[in-house]
Amino acid sequence: MSVKAFELIPAVERDLLMGDKARINIECIECCGKHLYVGTNDCFIHHFLLDEVTSAKGKRTYSAQKLLHKYLGLKKPVAELRAASALERLIVLCDGVVFLVDMVTLETVPSAAGGGARIRGVTAFCINENPVNGDPFCVEMGVLSSKRRTVQIYMVYDDRVQLLKEVTTPEQPCAVCLDGYFLCLALATQYMILNYHTGAAQDLFPYNSEERRPIVKRIGREEFLLAAPGGLGMFANAEGASQRAPVSWSENVIGAAVSFPYVVALDESFITIHSMLDQQLKQTLSFRDGHLLQDFEGKVILASTKAVYVLVPMPLERQIQDLLASHRVEEALILTEGAQRNIPKEKFLILHKRILQQAGFIQFGQLQFVEAKEHFWKGHLDVRELISLYPLLLPASSSFTRCHPPLHQFADLNHLAQGDQGKVLRCKKFLISYLAEVRSTEVANGCREDVDTALLKLYAEQDHDSLLDLLASDNACLLADCVPWLEKYHKYFALGLLYHSNGQDPAALQMWTRVADGHLEDSTRPDLFDYIVDFLCSTANLDLVWKYANWALHKDPATAVHIFSKRSGDQAQADLKPDDVIAYLAEHREALLLYLEHLVLERRTQEEKFHTHLAVLYVDRVLSLLSDSPADEEQLSSTRKKLQALLRESNLYRAQHLLGKVEKCEQLLLERAMLHGNLEEHDKALDILVHKLRDFPSAEAYCVWASSSQEPAARQQLFHRLLGVYLQHCAAGDSPALGDRGDLEMAAVDLLNRHGETFDAVRVLRTLPDSWSLQLLRPFLVRAIRANMHASRTSRLALGLAHSEHLQLLHDKLKETKKPITVSAKKGCHLCHNTFSEPNVVCLPGGVPVHAHCLAQRVRDSPTKRQLTNSNNHT
């Protein structure tokens, strides 16, 4: 695909160069800055001054002024010209001789004394543009000899040339290019790379110099362009490798040049321009009678046999914009990135960003969303440029204005889609995904409100699941823009979240309660009532709690009580006092009951009033159910179980108060027994359980429960009481019926057999009727004997361990007290105060020595004898 990369502009017209001399032809050219030198076939050098002129419309032309021409005195054409500007010399090849000419006067430079300024027998030469010699006033030159298969390296000074090295080649070279120590040579049959410093050589590929003219062109540091067979332009580096794909040009190429990123090739009829980046043909220019093509410091100059032209590159930005206008995005990006080395870094970054953004919009318009997103990311697109394409998405308060010049040609999304709603929908889905990604990145820095507001509007319009996630997260949605949008699409729950995120909880709750009451229709949250309760649980605004708790309690007391019970313990204590909550719930008995259960059973509060209140509510509930006709047996059973569990597990309620409420109700005998037990009125409790309820298992369970936190002796005493109750009515003189007596006897036997280890066996045997058989009491006796044996053995074991510990302590004490006691004539007895004359002493407690006779006298005189320990001390 074509692109206008260059423009061909005449530089030196035929009349200015040769006047009316028809037989004069151009043989070579050289350009140094504004100075153009032309060598002709009549052995003249012409010197021109070129000025570039740009018109008001941006059109460029060249004005040539002829300064001088000079005849070199030979009858052969001037074959080559090379400028050495540091020396102010032209290096000229004419008639096989290389010599120096002054750049200003065009006079031949005479040889210096003792040295030569001419080289004879030369077929071609080249200048080393990457010199290895550090002398700035010296030029390195490679020369091909016409008589020998050699390449000679010369040092060129302002008045002489000096041979540095001569390198032999396998064949006669016909073209040469020099870079550093590397020679790129076109031999008779092949190309090769030769390092003249080390002698290392690398063959490249075959080439027949007799069929066509070889081309060897240095295009960069240690990189060359060669004309290869098959009409290919091959790239090769100093190692003999190609790091670029070849370009395909004409078989009859007679010259090539590089103006990055393009390769320019010349044949007899056309100029072809290929990209070095993608190797594609970009432009073709007609050029008849083409003769020469050279690039000089980035300036490409062509010549026919009669005139000189300049191939002027079009501005890079214009080329890129032309490519983008043709929707050739990849080519535009390749060209932009390839031109990086020729543009200052800051300017390139600005240009590159803009090109990426333009490319992104082109691919966005083609619905190539993956590629568009990639280019938007890399180009750091201001996301509002994209949002502005969608009508009404930007907030009314946004100050954004589109980039100028514009990045695209679309007025808005409707213009882009041309009425195709499918395209519109796909574009909106793309924007949703793109905004969701960029909102938390640096791309949205400074425009977060615009991004979040646009995203909310799209979510609401598309009924997107992420709407609630957006509002539940940290967002910057603008209230004034979003409220009417959410109302338009009936997103009232989301509107409440928006109010909440903006600190307007009263408005949020008002919106949600209207939806919950059915005044507004929104099916977003079927569990909206539960959500409102949870919201009230977590809010720190107590005014809202008290305001909406009554509404919730009338709607569903069992759920609404969570407003008070599900608040965290610390928060509930700090915010809502239980007394205040209980007073508030007085009119809602179901909720009050649930709240007290929360306090007593979940939070384990230790305040008596809450336990008593809960127990009273249970009792009232049971009594109320009992009074109903018919009674709801399921609810009655459930409530009684709760009441019994509370009476059994808690010891904080006022039992006497509760007893007064249940003592007249014969259906609550078990509860009365438990209350008597709480008051330690065990006889009354057992009487109820045994005689009124005839519930012997409950009587046993009562004994276990009533003694659970007491010493074993207390449990034993309680079980003996129960046994006594059983046996009391089994006596021969009692009046109970025979069946009742039998039940009590069996209950007594079962009690003994199940809890034999608890009873005092001797005491039991003394109280049992003589008529009972041992076989009947066998389990009890076995367990009692085992328990007594275990207790006896445990006691003996404990006694033995205590005795052993006592002996160990005595041993340790003797070890501490059995120490030598020193007496001398200087120490006196503590009883008579006389000094010791012999070691016959007695030691008092504390290690105090006294005379033995003094201590004996003290003992005889004392009314109570003491045990003393005698010890012999060695002085």
# chains A, B, ... in the order shown; residues from 1 in each chain; ligands from 1
call {"tool": "residues_around", "arguments": {"residues": "Gln190 of chain A", "least_positions_apart": "4", "cutoff": "8 Å", "atoms": "only C-alpha atoms", "output": "PyMOL selection string"}}
result
chain A and resi 186+203-208
call {"tool": "residues_around", "arguments": {"residues": "Ala714 of chain A", "least_positions_apart": "6", "cutoff": "12 Å", "atoms": "only C-alpha atoms", "output": "short mmCIF file (atom, residue, chain, number, x, y, z; two decimals) with all heavy atoms, in the first residue's frame"}}
result
data_model
loop_
_atom_site.label_atom_id
_atom_site.label_comp_id
_atom_site.auth_asym_id
_atom_site.auth_seq_id
_atom_site.Cartn_x
_atom_site.Cartn_y
_atom_site.Cartn_z
N GLU A 680 -33.34 -24.91 98.00
CA GLU A 680 -32.81 -25.98 98.83
C GLU A 680 -33.90 -26.59 99.74
O GLU A 680 -33.62 -27.09 100.83
CB GLU A 680 -31.63 -25.50 99.67
CG GLU A 680 -30.44 -25.08 98.81
CD GLU A 680 -29.21 -24.80 99.62
OE1 GLU A 680 -29.26 -24.93 100.87
OE2 GLU A 680 -28.17 -24.47 99.01
N HIS A 682 -35.39 -29.47 99.54
CA HIS A 682 -35.32 -30.73 98.82
C HIS A 682 -36.46 -31.67 99.18
O HIS A 682 -36.94 -32.44 98.33
CB HIS A 682 -33.98 -31.40 99.08
CG HIS A 682 -32.81 -30.54 98.71
ND1 HIS A 682 -32.63 -30.06 97.44
CD2 HIS A 682 -31.77 -30.04 99.45
CE1 HIS A 682 -31.54 -29.33 97.38
NE2 HIS A 682 -31.00 -29.30 98.61
N CYS A 703 -31.79 -35.18 92.00
CA CYS A 703 -30.70 -35.33 92.96
C CYS A 703 -29.35 -35.01 92.32
O CYS A 703 -28.49 -34.37 92.94
CB CYS A 703 -30.70 -36.75 93.54
SG CYS A 703 -32.15 -37.10 94.57
N VAL A 704 -29.19 -35.49 91.11
CA VAL A 704 -27.93 -35.20 90.39
C VAL A 704 -27.79 -33.70 90.15
O VAL A 704 -26.75 -33.10 90.38
CB VAL A 704 -27.88 -35.97 89.07
CG1 VAL A 704 -26.64 -35.57 88.26
CG2 VAL A 704 -27.89 -37.47 89.33
N TRP A 705 -28.89 -33.07 89.67
CA TRP A 705 -28.84 -31.63 89.36
C TRP A 705 -28.63 -30.80 90.62
O TRP A 705 -27.78 -29.90 90.66
CB TRP A 705 -30.14 -31.23 88.68
CG TRP A 705 -30.38 -29.74 88.67
CD1 TRP A 705 -29.70 -28.82 87.97
CD2 TRP A 705 -31.34 -29.03 89.45
NE1 TRP A 705 -30.17 -27.56 88.23
CE2 TRP A 705 -31.18 -27.66 89.15
CE3 TRP A 705 -32.32 -29.42 90.38
CZ2 TRP A 705 -31.97 -26.68 89.74
CZ3 TRP A 705 -33.11 -28.44 90.93
CH2 TRP A 705 -32.94 -27.09 90.63
N ALA A 706 -29.37 -31.10 91.67
CA ALA A 706 -29.31 -30.28 92.89
C ALA A 706 -27.97 -30.38 93.58
O ALA A 706 -27.60 -29.46 94.33
CB ALA A 706 -30.43 -30.70 93.84
N SER A 707 -27.23 -31.45 93.35
CA SER A 707 -25.93 -31.62 94.03
C SER A 707 -24.75 -31.48 93.08
O SER A 707 -23.63 -31.83 93.42
CB SER A 707 -25.88 -33.00 94.70
OG SER A 707 -26.01 -34.02 93.71
N SER A 708 -25.03 -30.97 91.87
CA SER A 708 -23.97 -30.96 90.84
C SER A 708 -22.80 -30.06 91.20
O SER A 708 -21.67 -30.33 90.84
CB SER A 708 -24.58 -30.51 89.50
OG SER A 708 -25.14 -29.21 89.63
N HIS A 720 -29.64 -40.19 99.92
CA HIS A 720 -30.21 -40.86 101.08
C HIS A 720 -31.61 -40.32 101.39
O HIS A 720 -32.51 -41.07 101.82
CB HIS A 720 -29.29 -40.69 102.29
CG HIS A 720 -28.21 -41.73 102.35
ND1 HIS A 720 -28.43 -43.04 102.77
CD2 HIS A 720 -26.89 -41.67 102.02
CE1 HIS A 720 -27.30 -43.72 102.72
NE2 HIS A 720 -26.34 -42.90 102.25
N ARG A 721 -31.80 -39.01 101.15
CA ARG A 721 -33.14 -38.45 101.35
C ARG A 721 -34.15 -39.09 100.40
O ARG A 721 -35.27 -39.44 100.80
CB ARG A 721 -33.12 -36.94 101.11
CG ARG A 721 -32.56 -36.13 102.25
CD ARG A 721 -32.82 -34.66 102.00
NE ARG A 721 -32.28 -33.83 103.05
CZ ARG A 721 -32.46 -32.51 103.14
NH1 ARG A 721 -33.18 -31.91 102.21
NH2 ARG A 721 -31.95 -31.82 104.12
N THR A 758 -22.63 -44.03 95.31
CA THR A 758 -22.92 -42.74 95.96
C THR A 758 -23.34 -42.94 97.43
O THR A 758 -23.10 -42.06 98.27
CB THR A 758 -24.02 -42.00 95.18
OG1 THR A 758 -23.63 -41.87 93.81
CG2 THR A 758 -24.25 -40.61 95.75
N PHE A 759 -23.95 -44.04 97.73
CA PHE A 759 -24.53 -44.26 99.06
C PHE A 759 -23.48 -44.73 100.07
O PHE A 759 -22.43 -45.28 99.70
CB PHE A 759 -25.63 -45.32 98.98
CG PHE A 759 -26.88 -44.83 98.29
CD1 PHE A 759 -27.06 -45.02 96.93
CD2 PHE A 759 -27.87 -44.19 99.03
CE1 PHE A 759 -28.21 -44.58 96.32
CE2 PHE A 759 -29.03 -43.76 98.40
CZ PHE A 759 -29.20 -43.95 97.05
#
call {"tool": "select_by_dssp", "arguments": {"residues": "segment 611-671 of chain A", "states": "helix (DSSP H, G or I)", "output": "PyMOL selection string"}}
result
chain A and resi 611-627+633-649+655-662+666-671
call {"tool": "residues_around", "arguments": {"residues": "Arg640 of chain A", "least_positions_apart": "2", "cutoff": "10 Å", "atoms": "only C-alpha atoms", "output": "number ranges by chain"}}
result
A: 618-619, 621-623, 635-638, 642-646, 668, 670-671
call {"tool": "write_last_selection", "arguments": {"atoms": "N, CA, C and O atoms", "output": "PDB file, in the first residue's frame"}}
result
ATOM      1  N   TYR A 618     -41.541 -16.682  80.442  1.00  0.00           N
ATOM      2  CA  TYR A 618     -41.789 -18.084  80.121  1.00  0.00           C
ATOM      3  C   TYR A 618     -43.021 -18.605  80.873  1.00  0.00           C
ATOM      4  O   TYR A 618     -43.887 -19.277  80.302  1.00  0.00           O
ATOM      5  N   VAL A 619     -43.074 -18.301  82.185  1.00  0.00           N
ATOM      6  CA  VAL A 619     -44.203 -18.771  82.997  1.00  0.00           C
ATOM      7  C   VAL A 619     -45.511 -18.194  82.485  1.00  0.00           C
ATOM      8  O   VAL A 619     -46.519 -18.906  82.328  1.00  0.00           O
ATOM      9  N   ARG A 621     -46.162 -17.184  79.545  1.00  0.00           N
ATOM     10  CA  ARG A 621     -46.479 -17.792  78.245  1.00  0.00           C
ATOM     11  C   ARG A 621     -47.083 -19.184  78.437  1.00  0.00           C
ATOM     12  O   ARG A 621     -48.072 -19.549  77.790  1.00  0.00           O
ATOM     13  N   VAL A 622     -46.510 -19.960  79.356  1.00  0.00           N
ATOM     14  CA  VAL A 622     -47.024 -21.310  79.611  1.00  0.00           C
ATOM     15  C   VAL A 622     -48.441 -21.232  80.176  1.00  0.00           C
ATOM     16  O   VAL A 622     -49.345 -21.979  79.752  1.00  0.00           O
ATOM     17  N   LEU A 623     -48.639 -20.345  81.134  1.00  0.00           N
ATOM     18  CA  LEU A 623     -49.964 -20.220  81.731  1.00  0.00           C
ATOM     19  C   LEU A 623     -50.995 -19.781  80.703  1.00  0.00           C
ATOM     20  O   LEU A 623     -52.143 -20.231  80.721  1.00  0.00           O
ATOM     21  N   GLN A 635     -46.400 -25.691  70.973  1.00  0.00           N
ATOM     22  CA  GLN A 635     -45.844 -24.477  71.578  1.00  0.00           C
ATOM     23  C   GLN A 635     -45.714 -24.626  73.084  1.00  0.00           C
ATOM     24  O   GLN A 635     -44.744 -24.167  73.682  1.00  0.00           O
ATOM     25  N   LEU A 636     -46.697 -25.276  73.700  1.00  0.00           N
ATOM     26  CA  LEU A 636     -46.645 -25.473  75.144  1.00  0.00           C
ATOM     27  C   LEU A 636     -45.429 -26.306  75.533  1.00  0.00           C
ATOM     28  O   LEU A 636     -44.691 -25.964  76.463  1.00  0.00           O
ATOM     29  N   SER A 637     -45.206 -27.399  74.815  1.00  0.00           N
ATOM     30  CA  SER A 637     -44.057 -28.260  75.111  1.00  0.00           C
ATOM     31  C   SER A 637     -42.747 -27.512  74.912  1.00  0.00           C
ATOM     32  O   SER A 637     -41.831 -27.609  75.733  1.00  0.00           O
ATOM     33  N   SER A 638     -42.670 -26.749  73.828  1.00  0.00           N
ATOM     34  CA  SER A 638     -41.431 -26.007  73.543  1.00  0.00           C
ATOM     35  C   SER A 638     -41.151 -24.963  74.626  1.00  0.00           C
ATOM     36  O   SER A 638     -40.012 -24.834  75.109  1.00  0.00           O
ATOM     37  N   LYS A 642     -38.025 -24.712  77.465  1.00  0.00           N
ATOM     38  CA  LYS A 642     -37.181 -23.529  77.660  1.00  0.00           C
ATOM     39  C   LYS A 642     -37.192 -23.088  79.116  1.00  0.00           C
ATOM     40  O   LYS A 642     -36.147 -22.735  79.684  1.00  0.00           O
ATOM     41  N   LEU A 643     -38.393 -23.081  79.725  1.00  0.00           N
ATOM     42  CA  LEU A 643     -38.502 -22.682  81.124  1.00  0.00           C
ATOM     43  C   LEU A 643     -37.717 -23.639  82.017  1.00  0.00           C
ATOM     44  O   LEU A 643     -36.969 -23.208  82.907  1.00  0.00           O
ATOM     45  N   GLN A 644     -37.884 -24.937  81.802  1.00  0.00           N
ATOM     46  CA  GLN A 644     -37.178 -25.915  82.621  1.00  0.00           C
ATOM     47  C   GLN A 644     -35.667 -25.796  82.453  1.00  0.00           C
ATOM     48  O   GLN A 644     -34.913 -25.912  83.433  1.00  0.00           O
ATOM     49  N   ALA A 645     -35.215 -25.564  81.193  1.00  0.00           N
ATOM     50  CA  ALA A 645     -33.785 -25.401  80.965  1.00  0.00           C
ATOM     51  C   ALA A 645     -33.256 -24.192  81.717  1.00  0.00           C
ATOM     52  O   ALA A 645     -32.163 -24.224  82.308  1.00  0.00           O
ATOM     53  N   LEU A 646     -34.012 -23.088  81.708  1.00  0.00           N
ATOM     54  CA  LEU A 646     -33.583 -21.891  82.434  1.00  0.00           C
ATOM     55  C   LEU A 646     -33.538 -22.163  83.940  1.00  0.00           C
ATOM     56  O   LEU A 646     -32.564 -21.789  84.621  1.00  0.00           O
ATOM     57  N   LEU A 668     -47.816 -27.607  86.453  1.00  0.00           N
ATOM     58  CA  LEU A 668     -46.415 -27.209  86.498  1.00  0.00           C
ATOM     59  C   LEU A 668     -45.720 -27.739  87.736  1.00  0.00           C
ATOM     60  O   LEU A 668     -44.914 -27.052  88.369  1.00  0.00           O
ATOM     61  N   LEU A 670     -43.485 -30.147  87.946  1.00  0.00           N
ATOM     62  CA  LEU A 670     -42.034 -30.325  87.746  1.00  0.00           C
ATOM     63  C   LEU A 670     -41.299 -29.002  87.938  1.00  0.00           C
ATOM     64  O   LEU A 670     -40.243 -28.954  88.573  1.00  0.00           O
ATOM     65  N   GLU A 671     -41.866 -27.911  87.436  1.00  0.00           N
ATOM     66  CA  GLU A 671     -41.242 -26.601  87.586  1.00  0.00           C
ATOM     67  C   GLU A 671     -41.229 -26.192  89.059  1.00  0.00           C
ATOM     68  O   GLU A 671     -40.255 -25.610  89.562  1.00  0.00           O
TER      69      GLU A 671
END
call {"tool": "residues_around", "arguments": {"residues": "Ala673 of chain A", "least_positions_apart": "6", "cutoff": "12 Å", "atoms": "only C-alpha atoms", "output": "ChimeraX atom specification"}}
result
/A:644,647-648,655,658-659,662-663,666-667,679-693,695,698-699,701-703,705-706
call {"tool": "write_last_selection", "arguments": {"atoms": "N, CA, C and O atoms", "output": "compact mmCIF listing (two decimals), in the first residue's frame"}}
result
# COMPACT_ATOMS: atom_id res chain seq x y z
N GLN A 644 -37.88 -24.94 81.80
CA GLN A 644 -37.18 -25.91 82.62
C GLN A 644 -35.67 -25.80 82.45
O GLN A 644 -34.91 -25.91 83.43
N LEU A 647 -34.59 -22.80 84.48
CA LEU A 647 -34.61 -23.09 85.91
C LEU A 647 -33.48 -24.04 86.31
O LEU A 647 -32.95 -23.96 87.42
N ARG A 648 -33.13 -24.92 85.40
CA ARG A 648 -32.11 -25.89 85.69
C ARG A 648 -30.70 -25.30 85.60
O ARG A 648 -29.82 -25.60 86.39
N ALA A 655 -36.36 -17.32 92.84
CA ALA A 655 -37.18 -18.53 92.86
C ALA A 655 -38.47 -18.34 93.64
O ALA A 655 -39.53 -18.86 93.27
N LEU A 658 -41.07 -16.66 91.52
CA LEU A 658 -41.61 -17.54 90.50
C LEU A 658 -42.50 -18.62 91.12
O LEU A 658 -43.51 -19.03 90.54
N LEU A 659 -42.10 -19.07 92.30
CA LEU A 659 -42.88 -20.10 92.97
C LEU A 659 -44.29 -19.61 93.27
O LEU A 659 -45.28 -20.36 93.16
N VAL A 662 -46.48 -20.12 90.15
CA VAL A 662 -46.79 -21.45 89.63
C VAL A 662 -47.36 -22.39 90.69
O VAL A 662 -47.80 -23.50 90.35
N GLU A 663 -47.38 -21.99 91.97
CA GLU A 663 -47.74 -22.95 93.01
C GLU A 663 -49.21 -23.38 92.94
O GLU A 663 -49.60 -24.44 93.44
N GLU A 666 -51.43 -26.95 88.90
CA GLU A 666 -51.07 -28.35 89.06
C GLU A 666 -50.36 -28.92 87.83
O GLU A 666 -49.75 -29.96 87.92
N GLN A 667 -50.45 -28.25 86.68
CA GLN A 667 -49.76 -28.75 85.49
C GLN A 667 -48.26 -28.45 85.52
O GLN A 667 -47.50 -28.98 84.71
N LEU A 679 -34.37 -23.32 96.08
CA LEU A 679 -34.43 -22.78 97.45
C LEU A 679 -33.90 -23.77 98.47
O LEU A 679 -33.99 -23.51 99.68
N GLU A 680 -33.34 -24.91 98.00
CA GLU A 680 -32.81 -25.98 98.83
C GLU A 680 -33.90 -26.59 99.74
O GLU A 680 -33.62 -27.09 100.83
N GLU A 681 -35.11 -26.56 99.26
CA GLU A 681 -36.22 -27.23 99.95
C GLU A 681 -36.39 -28.60 99.29
O GLU A 681 -37.34 -28.88 98.55
N HIS A 682 -35.39 -29.47 99.54
CA HIS A 682 -35.32 -30.73 98.82
C HIS A 682 -36.46 -31.67 99.18
O HIS A 682 -36.94 -32.44 98.33
N ASP A 683 -36.88 -31.67 100.43
CA ASP A 683 -37.96 -32.57 100.83
C ASP A 683 -39.23 -32.27 100.05
O ASP A 683 -39.93 -33.18 99.57
N LYS A 684 -39.55 -30.98 99.90
CA LYS A 684 -40.75 -30.61 99.16
C LYS A 684 -40.61 -31.00 97.68
O LYS A 684 -41.58 -31.48 97.06
N ALA A 685 -39.41 -30.76 97.17
CA ALA A 685 -39.20 -31.09 95.77
C ALA A 685 -39.34 -32.58 95.54
O ALA A 685 -40.03 -33.03 94.58
N LEU A 686 -38.73 -33.39 96.41
CA LEU A 686 -38.81 -34.84 96.24
C LEU A 686 -40.23 -35.35 96.47
O LEU A 686 -40.67 -36.31 95.80
N ASP A 687 -40.91 -34.75 97.35
CA ASP A 687 -42.29 -35.15 97.60
C ASP A 687 -43.13 -34.95 96.34
O ASP A 687 -43.96 -35.81 95.99
N ILE A 688 -42.94 -33.81 95.68
CA ILE A 688 -43.68 -33.54 94.44
C ILE A 688 -43.33 -34.57 93.37
O ILE A 688 -44.20 -35.15 92.70
N LEU A 689 -42.03 -34.82 93.22
CA LEU A 689 -41.59 -35.70 92.15
C LEU A 689 -42.01 -37.15 92.40
O LEU A 689 -42.39 -37.87 91.47
N VAL A 690 -41.95 -37.58 93.68
CA VAL A 690 -42.21 -39.00 93.98
C VAL A 690 -43.70 -39.27 94.13
O VAL A 690 -44.25 -40.20 93.52
N HIS A 691 -44.37 -38.43 94.89
CA HIS A 691 -45.75 -38.75 95.25
C HIS A 691 -46.77 -38.12 94.32
O HIS A 691 -47.81 -38.74 94.04
N LYS A 692 -46.49 -36.89 93.85
CA LYS A 692 -47.49 -36.23 93.02
C LYS A 692 -47.31 -36.58 91.54
O LYS A 692 -48.26 -36.80 90.82
N LEU A 693 -46.04 -36.57 91.13
CA LEU A 693 -45.78 -36.86 89.71
C LEU A 693 -45.49 -38.33 89.44
O LEU A 693 -45.64 -38.78 88.30
N ASP A 695 -42.77 -39.59 89.20
CA ASP A 695 -41.73 -39.53 88.14
C ASP A 695 -40.39 -39.85 88.80
O ASP A 695 -39.65 -38.97 89.23
N SER A 698 -37.13 -38.57 87.07
CA SER A 698 -36.93 -37.14 87.31
C SER A 698 -36.45 -36.89 88.73
O SER A 698 -35.67 -35.96 88.99
N ALA A 699 -36.89 -37.75 89.70
CA ALA A 699 -36.42 -37.61 91.07
C ALA A 699 -34.92 -37.89 91.15
O ALA A 699 -34.18 -37.17 91.82
N ALA A 701 -32.81 -37.62 88.60
CA ALA A 701 -32.16 -36.52 87.89
C ALA A 701 -32.11 -35.27 88.75
O ALA A 701 -31.15 -34.49 88.71
N TYR A 702 -33.17 -35.05 89.55
CA TYR A 702 -33.19 -33.91 90.45
C TYR A 702 -32.03 -33.99 91.44
O TYR A 702 -31.36 -32.99 91.72
N CYS A 703 -31.79 -35.18 92.00
CA CYS A 703 -30.70 -35.33 92.96
C CYS A 703 -29.35 -35.01 92.32
O CYS A 703 -28.49 -34.37 92.94
N TRP A 705 -28.89 -33.07 89.67
CA TRP A 705 -28.84 -31.63 89.36
C TRP A 705 -28.63 -30.80 90.62
O TRP A 705 -27.78 -29.90 90.66
N ALA A 706 -29.37 -31.10 91.67
CA ALA A 706 -29.31 -30.28 92.89
C ALA A 706 -27.97 -30.38 93.58
O ALA A 706 -27.60 -29.46 94.33
call {"tool": "residues_around", "arguments": {"residues": "segment 144-159 of chain A", "least_positions_apart": "3", "cutoff": "6 Å", "atoms": "only C-alpha atoms", "output": "list in words"}}
result
Leu87, Ser111, Ala112, Gly121, Val122, Thr123, Ala124, Cys138, Val139, Glu140, Met141, Gln162, Leu163, Leu164, Lys165, Glu166, Val167, Thr168, Thr169, Glu171 and Gln172 of chain A
call {"tool": "write_last_selection", "arguments": {"atoms": "N, CA, C and O atoms", "output": "short mmCIF file (atom, residue, chain, number, x, y, z; two decimals), in the first residue's frame"}}
result
data_model
loop_
_atom_site.label_atom_id
_atom_site.label_comp_id
_atom_site.auth_asym_id
_atom_site.auth_seq_id
_atom_site.Cartn_x
_atom_site.Cartn_y
_atom_site.Cartn_z
N LEU A 87 39.28 18.70 6.82
CA LEU A 87 40.53 19.08 6.14
C LEU A 87 40.32 20.17 5.12
O LEU A 87 41.30 20.68 4.54
N SER A 111 51.77 18.28 -3.36
CA SER A 111 52.32 17.32 -2.40
C SER A 111 53.22 18.02 -1.41
O SER A 111 53.95 18.96 -1.76
N ALA A 112 53.20 17.56 -0.14
CA ALA A 112 54.10 18.11 0.87
C ALA A 112 55.52 17.61 0.63
O ALA A 112 55.74 16.59 -0.02
N GLY A 121 46.59 4.06 -9.85
CA GLY A 121 46.10 2.71 -10.08
C GLY A 121 44.90 2.35 -9.23
O GLY A 121 44.77 1.21 -8.75
N VAL A 122 43.97 3.30 -9.04
CA VAL A 122 42.82 3.12 -8.17
C VAL A 122 41.56 2.93 -9.02
O VAL A 122 41.33 3.66 -9.98
N THR A 123 40.74 1.90 -8.64
CA THR A 123 39.45 1.71 -9.33
C THR A 123 38.28 2.29 -8.51
O THR A 123 37.28 2.71 -9.08
N ALA A 124 38.42 2.30 -7.18
CA ALA A 124 37.36 2.85 -6.33
C ALA A 124 37.94 3.10 -4.94
O ALA A 124 38.97 2.52 -4.58
N CYS A 138 42.44 14.03 10.35
CA CYS A 138 42.91 12.95 9.50
C CYS A 138 41.71 12.12 9.09
O CYS A 138 40.81 11.86 9.90
N VAL A 139 41.66 11.72 7.82
CA VAL A 139 40.55 10.93 7.30
C VAL A 139 41.08 9.57 6.89
O VAL A 139 42.14 9.46 6.26
N GLU A 140 40.34 8.52 7.27
CA GLU A 140 40.71 7.15 6.89
C GLU A 140 40.00 6.80 5.60
O GLU A 140 38.83 7.09 5.41
N MET A 141 40.72 6.09 4.74
CA MET A 141 40.20 5.82 3.40
C MET A 141 40.60 4.41 2.98
O MET A 141 41.73 3.96 3.24
N GLN A 162 48.91 8.72 3.44
CA GLN A 162 49.90 7.82 4.02
C GLN A 162 49.31 6.41 4.09
O GLN A 162 48.23 6.21 4.65
N LEU A 163 50.01 5.45 3.51
CA LEU A 163 49.55 4.07 3.51
C LEU A 163 49.69 3.50 4.92
O LEU A 163 50.76 3.54 5.52
N LEU A 164 48.57 2.92 5.42
CA LEU A 164 48.56 2.36 6.76
C LEU A 164 48.65 0.84 6.73
O LEU A 164 49.40 0.22 7.48
N LYS A 165 47.88 0.24 5.80
CA LYS A 165 47.85 -1.22 5.76
C LYS A 165 47.36 -1.65 4.40
O LYS A 165 46.58 -0.96 3.74
N GLU A 166 47.80 -2.86 4.01
CA GLU A 166 47.37 -3.44 2.76
C GLU A 166 46.86 -4.85 3.05
O GLU A 166 47.55 -5.65 3.69
N VAL A 167 45.66 -5.15 2.58
CA VAL A 167 45.00 -6.42 2.87
C VAL A 167 44.74 -7.14 1.55
O VAL A 167 44.16 -6.57 0.63
N THR A 168 45.17 -8.41 1.49
CA THR A 168 44.96 -9.21 0.29
C THR A 168 43.58 -9.84 0.31
O THR A 168 43.09 -10.28 1.36
N THR A 169 42.92 -9.89 -0.84
CA THR A 169 41.58 -10.48 -0.96
C THR A 169 41.62 -11.69 -1.87
O THR A 169 42.50 -11.80 -2.73
N GLU A 171 39.68 -12.52 -4.36
CA GLU A 171 39.41 -12.16 -5.75
C GLU A 171 39.60 -10.66 -5.89
O GLU A 171 39.72 -9.93 -4.91
N GLN A 172 39.56 -10.24 -7.12
CA GLN A 172 39.69 -8.81 -7.39
C GLN A 172 38.43 -8.09 -6.90
O GLN A 172 37.32 -8.37 -7.37
#
call {"tool": "atom_distance", "arguments": {"atom1": "atom CA of Pro395 of chain A", "atom2": "atom CA of Pro484 of chain A"}}
result
12.1 Å
call {"tool": "closest_atom_pairs", "arguments": {"of": "segment 77-172 of chain A", "to": "segment 220-232 of chain A", "cutoff": "12 Å", "atoms": "only C-alpha atoms", "output": "JSON lines"}}
result
{"residue": "A:Asn128", "atom": "CA", "partner": "A:Arg221", "partner_atom": "CA", "distance": 10.8}
{"residue": "A:Glu129", "atom": "CA", "partner": "A:Arg221", "partner_atom": "CA", "distance": 8.8}
{"residue": "A:Asn130", "atom": "CA", "partner": "A:Arg221", "partner_atom": "CA", "distance": 7.3}
{"residue": "A:Pro131", "atom": "CA", "partner": "A:Arg221", "partner_atom": "CA", "distance": 10.9}
